[in-house]
Structures are given as C-alpha cells and as structure tokens.
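S.K.: Input model-v1.cif, format and content: mmCIF, C-alpha atoms.
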data_coords
loop_
_atom_site.label_atom_id
_atom_site.label_comp_id
_atom_site.auth_asym_id
_atom_site.auth_seq_id
_atom_site.Cartn_x
_atom_site.Cartn_y
_atom_site.Cartn_z
CA MET A 1 24.58 -30.66 -7.40
CA SER A 2 24.79 -29.78 -3.74
CA GLU A 3 21.92 -30.50 -1.38
CA PRO A 4 19.74 -27.51 -0.41
CA SER A 5 20.77 -26.06 2.91
CA SER A 6 18.61 -26.73 5.94
CA PRO A 7 16.40 -23.92 7.25
CA VAL A 8 18.16 -21.73 9.79
CA PRO A 9 16.76 -22.13 13.31
CA PHE A 10 15.74 -18.60 14.21
CA GLU A 11 16.02 -18.62 17.99
CA GLY A 12 19.10 -16.64 18.95
CA VAL A 13 19.92 -15.90 15.31
CA PRO A 14 21.04 -12.34 14.45
CA LEU A 15 18.29 -10.18 12.98
CA SER A 16 20.28 -9.65 9.77
CA ILE A 17 20.22 -13.40 9.07
CA LYS A 18 16.45 -13.55 9.64
CA ILE A 19 15.97 -10.76 7.11
CA ARG A 20 18.33 -12.49 4.66
CA GLU A 21 16.34 -15.73 4.94
CA ARG A 22 13.11 -13.88 4.12
CA LEU A 23 14.73 -12.32 1.08
CA LYS A 24 16.12 -15.65 -0.11
CA ALA A 25 12.78 -17.41 0.40
CA ALA A 26 11.11 -14.78 -1.79
CA GLY A 27 13.84 -14.95 -4.42
CA GLN A 28 14.53 -11.28 -3.79
CA PRO A 29 18.07 -10.00 -4.38
CA PHE A 30 19.68 -7.90 -1.68
CA LEU A 31 22.61 -6.37 -3.49
CA ALA A 32 24.11 -3.16 -2.15
CA ASN A 33 21.88 -0.95 -4.31
CA ASP A 34 18.66 -2.92 -3.79
CA ASN A 35 15.79 -1.68 -1.63
CA ILE A 36 14.69 -4.23 0.98
CA ALA A 37 12.10 -2.18 2.86
CA GLY A 38 9.31 -4.61 1.98
CA PHE A 39 11.03 -7.38 3.94
CA LEU A 40 11.52 -5.48 7.18
CA GLU A 41 8.94 -5.89 9.93
CA PRO A 42 7.96 -3.06 12.31
CA GLY A 43 10.71 -2.26 14.78
CA GLU A 44 13.38 -4.21 12.95
CA LEU A 45 15.21 -1.18 11.62
CA GLU A 46 16.11 -0.18 15.17
CA GLY A 47 17.17 -3.75 15.88
CA LEU A 48 19.34 -3.76 12.77
CA LEU A 49 20.94 -0.53 13.95
CA ASP A 50 21.82 -2.18 17.27
CA GLU A 51 23.37 -5.14 15.45
CA VAL A 52 25.46 -2.90 13.19
CA GLU A 53 26.67 -0.98 16.26
CA THR A 54 27.81 -4.21 17.94
CA LYS A 55 29.69 -5.37 14.86
CA MET A 56 31.18 -1.96 14.22
CA GLN A 57 32.58 -2.01 17.73
CA THR A 58 34.47 -5.20 16.86
CA VAL A 59 35.91 -3.39 13.81
CA LEU A 60 37.15 -0.57 16.04
CA ASP A 61 38.62 -3.13 18.44
CA SER A 62 40.40 -4.84 15.55
CA LEU A 63 41.83 -1.46 14.52
CA VAL A 64 43.33 -1.35 18.03
CA ILE A 65 41.43 1.77 19.06
CA ASP A 66 40.87 2.10 22.79
CA THR A 67 37.28 3.31 22.66
CA ALA A 68 36.85 2.78 26.38
CA ASN A 69 39.41 5.47 27.24
CA ASP A 70 39.37 7.62 24.11
CA HIS A 71 36.57 10.15 24.59
CA ASN A 72 36.54 10.91 20.84
CA THR A 73 35.66 7.34 19.81
CA ARG A 74 33.68 6.18 22.84
CA ASN A 75 30.36 6.31 20.97
CA THR A 76 31.71 6.04 17.44
CA ALA A 77 30.29 2.57 16.81
CA ARG A 78 26.77 3.87 17.48
CA ARG A 79 27.32 6.99 15.42
CA ILE A 80 28.56 4.96 12.45
CA ALA A 81 25.62 2.56 12.74
CA LYS A 82 23.15 5.46 12.74
CA MET A 83 24.96 7.06 9.81
CA TYR A 84 24.73 3.93 7.67
CA VAL A 85 21.22 2.76 8.58
CA ASN A 86 19.40 6.07 9.05
CA GLU A 87 21.29 8.39 6.71
CA VAL A 88 23.69 7.44 3.91
CA PHE A 89 22.16 3.99 3.19
CA ARG A 90 18.61 4.92 4.13
CA GLY A 91 17.45 4.27 0.58
CA ARG A 92 17.92 0.54 1.18
CA TYR A 93 15.70 0.34 4.23
CA VAL A 94 12.76 2.70 3.70
CA ALA A 95 9.94 2.53 1.18
CA GLN A 96 9.86 4.74 -1.88
CA PRO A 97 8.73 8.26 -0.94
CA PRO A 98 5.14 9.03 -1.95
CA VAL A 99 4.92 10.76 -5.31
CA THR A 100 1.64 12.43 -6.23
CA GLU A 101 1.00 12.19 -9.95
CA PHE A 102 -1.27 14.57 -11.84
CA PRO A 103 -2.62 14.22 -15.36
CA ASN A 104 -1.17 16.53 -18.00
CA ALA A 105 -4.37 18.59 -18.17
CA ALA A 106 -2.63 21.53 -19.87
CA ARG A 107 -1.19 19.16 -22.52
CA LEU A 108 2.35 20.37 -21.86
CA ASN A 109 4.67 19.35 -24.66
CA GLU A 110 7.78 21.47 -24.18
CA LEU A 111 11.13 20.49 -22.68
CA MET A 112 11.31 20.74 -18.89
CA ILE A 113 14.58 20.58 -16.96
CA VAL A 114 14.96 20.02 -13.21
CA GLY A 115 18.29 20.57 -11.50
CA PRO A 116 20.85 20.69 -10.26
CA ILE A 117 19.70 18.17 -7.64
CA THR A 118 22.32 17.35 -5.03
CA VAL A 119 23.62 13.78 -4.98
CA ARG A 120 24.83 12.31 -1.70
CA SER A 121 25.80 8.69 -2.08
CA ALA A 122 28.63 6.24 -1.36
CA CYS A 123 30.53 3.91 -3.64
CA SER A 124 29.89 0.23 -3.08
CA HIS A 125 33.59 -0.61 -3.47
CA HIS A 126 35.00 1.35 -0.52
CA PHE A 127 31.94 3.00 1.09
CA CYS A 128 33.54 6.38 0.38
CA PRO A 129 31.31 9.40 -0.35
CA VAL A 130 30.07 10.20 -3.84
CA ILE A 131 28.98 13.84 -4.00
CA GLY A 132 27.62 15.58 -7.05
CA LYS A 133 24.66 16.89 -9.02
CA ILE A 134 21.94 15.56 -11.30
CA TRP A 135 19.91 17.23 -14.02
CA VAL A 136 16.71 15.70 -15.34
CA GLY A 137 15.10 16.60 -18.66
CA VAL A 138 11.54 15.54 -19.44
CA MET A 139 9.74 15.79 -22.78
CA PRO A 140 6.07 15.33 -21.83
CA ASN A 141 3.11 14.28 -23.93
CA GLU A 142 -0.62 14.50 -23.28
CA HIS A 143 -0.56 11.20 -21.38
CA THR A 144 2.44 12.07 -19.21
CA ASN A 145 2.01 12.15 -15.45
CA VAL A 146 3.09 15.47 -13.96
CA ILE A 147 4.92 15.27 -10.61
CA GLY A 148 5.99 18.11 -8.34
CA LEU A 149 9.52 19.49 -8.66
CA SER A 150 10.40 18.48 -5.09
CA LYS A 151 9.47 14.89 -5.90
CA TYR A 152 12.37 14.61 -8.34
CA ALA A 153 14.71 15.51 -5.47
CA ARG A 154 13.05 12.96 -3.20
CA LEU A 155 13.42 10.20 -5.80
CA VAL A 156 17.07 11.12 -6.35
CA ASP A 157 17.72 11.01 -2.60
CA TRP A 158 16.00 7.61 -2.30
CA VAL A 159 17.89 5.96 -5.16
CA MET A 160 21.24 7.50 -4.28
CA GLY A 161 20.92 6.69 -0.57
CA ARG A 162 22.51 3.26 -1.08
CA PRO A 163 26.00 1.95 -1.80
CA GLN A 164 26.17 2.58 -5.55
CA ILE A 165 28.34 2.83 -8.58
CA GLN A 166 27.45 5.85 -10.66
CA GLU A 167 26.82 3.93 -13.89
CA GLU A 168 24.14 1.77 -12.25
CA ALA A 169 22.64 4.50 -10.08
CA ILE A 170 21.74 6.72 -13.02
CA VAL A 171 20.02 3.80 -14.78
CA GLN A 172 17.98 3.00 -11.66
CA LEU A 173 16.90 6.63 -11.42
CA ALA A 174 15.99 6.87 -15.11
CA ASP A 175 13.90 3.68 -14.90
CA LEU A 176 12.04 5.02 -11.87
CA ILE A 177 11.27 8.42 -13.42
CA MET A 178 10.16 6.79 -16.68
CA GLU A 179 7.79 4.55 -14.72
CA LYS A 180 6.36 7.50 -12.78
CA THR A 181 5.97 10.04 -15.58
CA ARG A 182 5.71 8.07 -18.87
CA PRO A 183 7.11 10.92 -21.02
CA ASP A 184 8.00 10.96 -24.72
CA GLY A 185 11.61 11.37 -23.68
CA LEU A 186 13.80 11.44 -20.60
CA ALA A 187 17.37 12.66 -20.14
CA VAL A 188 19.46 12.37 -16.99
CA VAL A 189 22.97 13.76 -16.53
CA MET A 190 25.00 13.07 -13.40
CA GLU A 191 28.31 14.71 -12.43
CA ALA A 192 29.99 13.55 -9.24
CA SER A 193 33.24 13.52 -7.29
CA HIS A 194 34.27 10.14 -5.92
CA PHE A 195 36.15 10.17 -2.63
CA CYS A 196 37.44 6.63 -3.30
CA MET A 197 39.62 8.37 -5.91
CA SER A 198 40.42 11.62 -4.10
CA TRP A 199 40.68 10.49 -0.46
CA ARG A 200 42.52 7.22 -1.15
CA GLY A 201 44.05 5.39 -4.10
CA VAL A 202 45.53 7.81 -6.64
CA ARG A 203 44.36 10.79 -4.52
CA GLU A 204 43.36 12.79 -7.57
CA MET A 205 41.40 15.74 -6.22
CA ASP A 206 39.96 17.42 -9.30
CA SER A 207 38.61 14.56 -11.42
CA LYS A 208 34.87 14.04 -11.74
CA MET A 209 32.74 11.46 -13.49
CA VAL A 210 30.00 12.61 -15.84
CA ASN A 211 27.54 10.26 -17.49
CA SER A 212 24.13 10.47 -19.09
CA ILE A 213 21.04 8.45 -19.90
CA MET A 214 18.90 9.32 -22.91
CA ARG A 215 15.52 7.68 -23.44
CA GLY A 216 12.85 8.05 -26.09
CA ALA A 217 12.87 11.37 -27.96
CA PHE A 218 16.21 12.38 -26.45
CA LEU A 219 17.78 9.30 -27.98
CA THR A 220 16.28 9.73 -31.45
CA ASP A 221 16.16 13.54 -31.78
CA ALA A 222 19.67 15.03 -31.86
CA SER A 223 18.38 18.63 -31.77
CA LEU A 224 16.37 17.96 -28.60
CA ARG A 225 19.39 16.33 -27.02
CA ARG A 226 21.56 19.33 -27.89
CA GLU A 227 18.93 21.73 -26.49
CA PHE A 228 18.84 19.87 -23.20
CA LEU A 229 22.63 19.75 -22.84
CA ALA A 230 22.96 23.42 -23.80
CA LEU A 231 20.46 24.49 -21.14
CA ILE A 232 22.27 22.78 -18.27
CA PRO A 233 23.96 25.65 -16.34
CA GLY A 234 27.69 25.26 -16.04
CA ARG A 235 27.87 22.26 -18.34
CA PRO A 236 29.62 22.51 -21.74
#
Could you spell out this file's structure in structure tokens?
M.R.:
Amino acid sequence: MSEPSSPVPFEGVPLSIKIRERLKAAGQPFLANDNIAGFLEPGELEGLLDEVETKMQTVLDSLVIDTANDHNTRNTARRIAKMYVNEVFRGRYVAQPPVTEFPNAARLNELMIVGPITVRSACSHHFCPVIGKIWVGVMPNEHTNVIGLSKYARLVDWVMGRPQIQEEAIVQLADLIMEKTRPDGLAVVMEASHFCMSWRGVREMDSKMVNSIMRGAFLTDASLRREFLALIPGRP
C-alpha cells in the first residue's frame, strides 16, 4: 500500500488545489455533477474565475489562436471562464436555491403536473450543450410538502447547471424533489437534444434522448402512470 501523500503547502498554490484539498479532507466527492458550494469561502468564486481564465488562455494559445491581434478572441478566455463558472456550471458552485415548503392544508390528493421546464445543461463527456424539457408529476398526500411552481424550475436549473449525463441528472432531480415534497408518487420525464451528437461525432441533427423516473405510486399504479404520460403535451 502506498504511503499517504504529504499535505500540500498552500503558499503560492492555485486556488483550485486548495479547494480540492478541503474536499478530500472532508471525504467529499467533487465529480462533475457534484455541488461543492459548501467548500468555497467568500470571494473564492471570483478567484476561481480568474484561474479558469488564465488556464483557458493557455488552451487558446495551444490552439494557435493569436488572441493578441484577433479582436474577436481577445477577451475570449475571460468570456469562457465566466460562462463556465457563473452560467452553465453554476449549479456546482452555488448553494441550493431556497425552497419554501407549505403543509398540504387542503389535503390535495390529485395528480399535479409541472412542465415543460426548460433544461440547459452540458454533457460531461465533451462539454457540449444539452438542451431540452422536463415534466414533473406529483401525487400528493396529506403529509406532502407543497412548493411553489417556480421552485420546480429553480431546482431543475440548479441540478442541470453542471456537466451531466442525462441518465444521472434525472435521478439527482428526482431524489431532490422527493426529499423536498415527500409525495405518494413522483414521475419525471426528460427529453433533450445532445450537441455532442449533433454538432460533432455522427452529426445526427434530429435524434433526442427521452428517459423517465417513476417513484412510489407511479411505479406501482399503471393507470396513474398512463394518466401522467397521456397528459404531457406533445408527448405520445
């Protein structure tokens, strides 16, 4: 068995390595679709952005792009860094959005469907866009927490705002909604276009991936499952 590595001396060490060391010390994974907001200290997100910009500039240099004289790419490294850290991968670096939960005072017990909710994500294999829609079906009970319709969209945006593969993303989202609402049943359907297939590779423009998660009553009650699927607009 190899000897444990020595602690990294932090003076002059890149910020990303400092954050990695915190995560490792806590036994916290930092896979592409993990959220690491709890291990970032105030001001570090801006510092991480600066580091990504510096390293992205070296990528542009290695692609033999003259960013010093090309006005179109002069600030591209910064733009890409901001895009990754503040926009498309924001779900990795910010805390879960607040979700106000209300008791089911009216004892709602009928199927509720929310959607389509827009998905904007990126595949973790090529960092190409994944664009699509999600529908969520909830079968509440008297103990279910009721959350506002906009909160479903916020949760989708938070989970999908990371490098993802669709099969894992929909499970993460279903787990989160189950935890927040505690319904009798939950159904999630996701349909998305993957630019790693249309923009590169086989360059197939019309193919989409559709998958679903069924929990609780939706898994055991075939008629409820059929009702949910039949009520999704535009879906067969």
S.K.: For Glu168 in chain A, which residue out of A:Thr118, A:Asn211, A:Asn72, A:Thr220 is the nearest one, using all atoms listed in the file?
M.R.: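 For Glu168 in chain A, the nearest of the given residues is A:Asn211.
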S.K.: Please measure the separation of CA of Ile147 in chain A and CA of Ile177 in chain A, giving the value in Å to one decimal.
M.R.: 9.8 Å
S.K.: Mind giving me the straight-line distance from CA of Met112 in chain A to CA of Arg162 in chain A in Å, one decimal?
M.R.: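 A separation of 27.4 Å between them.
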S.K.: How many Å separate CA of His126 in chain A from CA of Ser212 in chain A?
M.R.: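 Taking CA of His126 in chain A as the start and CA of Ser212 in chain A as the end point, the length is 23.4 Å.
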S.K.: Let me know the residues the PyMOL selection byres ((chain A and resi 187) around 6) catches in the file above, as number ranges by chain.
M.R.: A: 136-137, 186, 188, 213-214
S.K.: Taking the file as I've supplied it (selection: the PyMOL selection byres ((chain A and resi 54-69) around 12)), which residues are included? Please answer as a ChimeraX atom specification.
M.R.: /A:14,16,47-53,70-84
S.K.: Of the candidates A:Ile117, A:Val159, A:Met139, A:Leu111, which one gets nearest to Gln96 in chain A if we count only C-alpha atoms?
M.R.: A:Val159
S.K.: Could you check which residues have any atom within 6 Å of (19.3, 2.1, 2.2), counting only C-alpha atoms with coordinates taken straight from the file, and then list them as a list in words?
M.R.: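 Neighbouring residues, ordered by chain and number, come to Phe89, Arg90, Gly91, Arg92, Tyr93, Gly161 and Arg162 of chain A.
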S.K.: On this structure, the PyMOL selection byres ((chain A and resi 114) around 6) would catch which residues? List them as number ranges by chain, sorted by chain and number.
M.R.: A: 113, 115, 135-136
S.K.: Go ahead and dump the residues you just picked, C-alpha atoms, as a PDB file, in the coordinates of the input.
M.R.:
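So again.pdb came out as:
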ATOM      1  CA  ILE A 113      14.580  20.580 -16.960  1.00  0.00           C
ATOM      2  CA  GLY A 115      18.290  20.570 -11.500  1.00  0.00           C
ATOM      3  CA  TRP A 135      19.910  17.230 -14.020  1.00  0.00           C
ATOM      4  CA  VAL A 136      16.710  15.700 -15.340  1.00  0.00           C
TER       5      VAL A 136
END
S.K.: Of the candidates A:Ile170, A:Ser198, A:Gly216, A:Met190, which shows the shortest atom-to-atom distance to Ile232 in chain A, using all atoms listed in the file?
M.R.: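 The shortest atom-to-atom distance to Ile232 in chain A comes from A:Met190.
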S.K.: Which is closer to Pro98 in chain A than all the others in A:Arg203, A:Arg215, A:His143, A:Lys180, using all atoms listed in the file?
M.R.: A:Lys180
S.K.: Do you know which residues are at most 9 Å from Gly38 in chain A counting all atoms listed in the file, after dropping those on the same chain fewer than 3 positions away, and could you put them as an MDAnalysis selection string?
M.R.: chainID A and resid 35 41 93:95
S.K.: Hey, what's within 7 Å of Pro163 in chain A if we count only C-alpha atoms and toss same-chain stuff fewer than 3 positions away? As a ChimeraX atom specification, please?
M.R.: /A:32-33,89,121-124,127
S.K.: For range 151-157 of chain A, work out the shell of residues within 7 Å, counting all atoms listed in the file and skipping chain neighbours fewer than 6 positions away, then give it as a VMD selection string.
M.R.: chain A and resid 97 99 117 119 173
S.K.: Which protein, DNA or RNA residues are at most 12 Å from (18.7, -15.3, 0.2) in the file's coordinates when you count only C-alpha atoms, listed as a ChimeraX atom specification?
M.R.: /A:5,7-8,16-31,36,39
S.K.: Can those selected residues be exported to a file as a PDB file, keeping the file's coordinate frame so that it contains C-alpha atoms?
M.R.:
ATOM      1  CA  SER A   5      20.770 -26.060   2.910  1.00  0.00           C
ATOM      2  CA  PRO A   7      16.400 -23.920   7.250  1.00  0.00           C
ATOM      3  CA  VAL A   8      18.160 -21.730   9.790  1.00  0.00           C
ATOM      4  CA  SER A  16      20.280  -9.650   9.770  1.00  0.00           C
ATOM      5  CA  ILE A  17      20.220 -13.400   9.070  1.00  0.00           C
ATOM      6  CA  LYS A  18      16.450 -13.550   9.640  1.00  0.00           C
ATOM      7  CA  ILE A  19      15.970 -10.760   7.110  1.00  0.00           C
ATOM      8  CA  ARG A  20      18.330 -12.490   4.660  1.00  0.00           C
ATOM      9  CA  GLU A  21      16.340 -15.730   4.940  1.00  0.00           C
ATOM     10  CA  ARG A  22      13.110 -13.880   4.120  1.00  0.00           C
ATOM     11  CA  LEU A  23      14.730 -12.320   1.080  1.00  0.00           C
ATOM     12  CA  LYS A  24      16.120 -15.650  -0.110  1.00  0.00           C
ATOM     13  CA  ALA A  25      12.780 -17.410   0.400  1.00  0.00           C
ATOM     14  CA  ALA A  26      11.110 -14.780  -1.790  1.00  0.00           C
ATOM     15  CA  GLY A  27      13.840 -14.950  -4.420  1.00  0.00           C
ATOM     16  CA  GLN A  28      14.530 -11.280  -3.790  1.00  0.00           C
ATOM     17  CA  PRO A  29      18.070 -10.000  -4.380  1.00  0.00           C
ATOM     18  CA  PHE A  30      19.680  -7.900  -1.680  1.00  0.00           C
ATOM     19  CA  LEU A  31      22.610  -6.370  -3.490  1.00  0.00           C
ATOM     20  CA  ILE A  36      14.690  -4.230   0.980  1.00  0.00           C
ATOM     21  CA  PHE A  39      11.030  -7.380   3.940  1.00  0.00           C
TER      22      PHE A  39
END
S.K.: From the list A:Ala222, A:Leu45, A:Ala217, A:Ala169, which residue is nearest Glu110 in chain A when using all atoms listed in the file?
M.R.: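 So, comparing all the options, the nearest one is A:Ala217.
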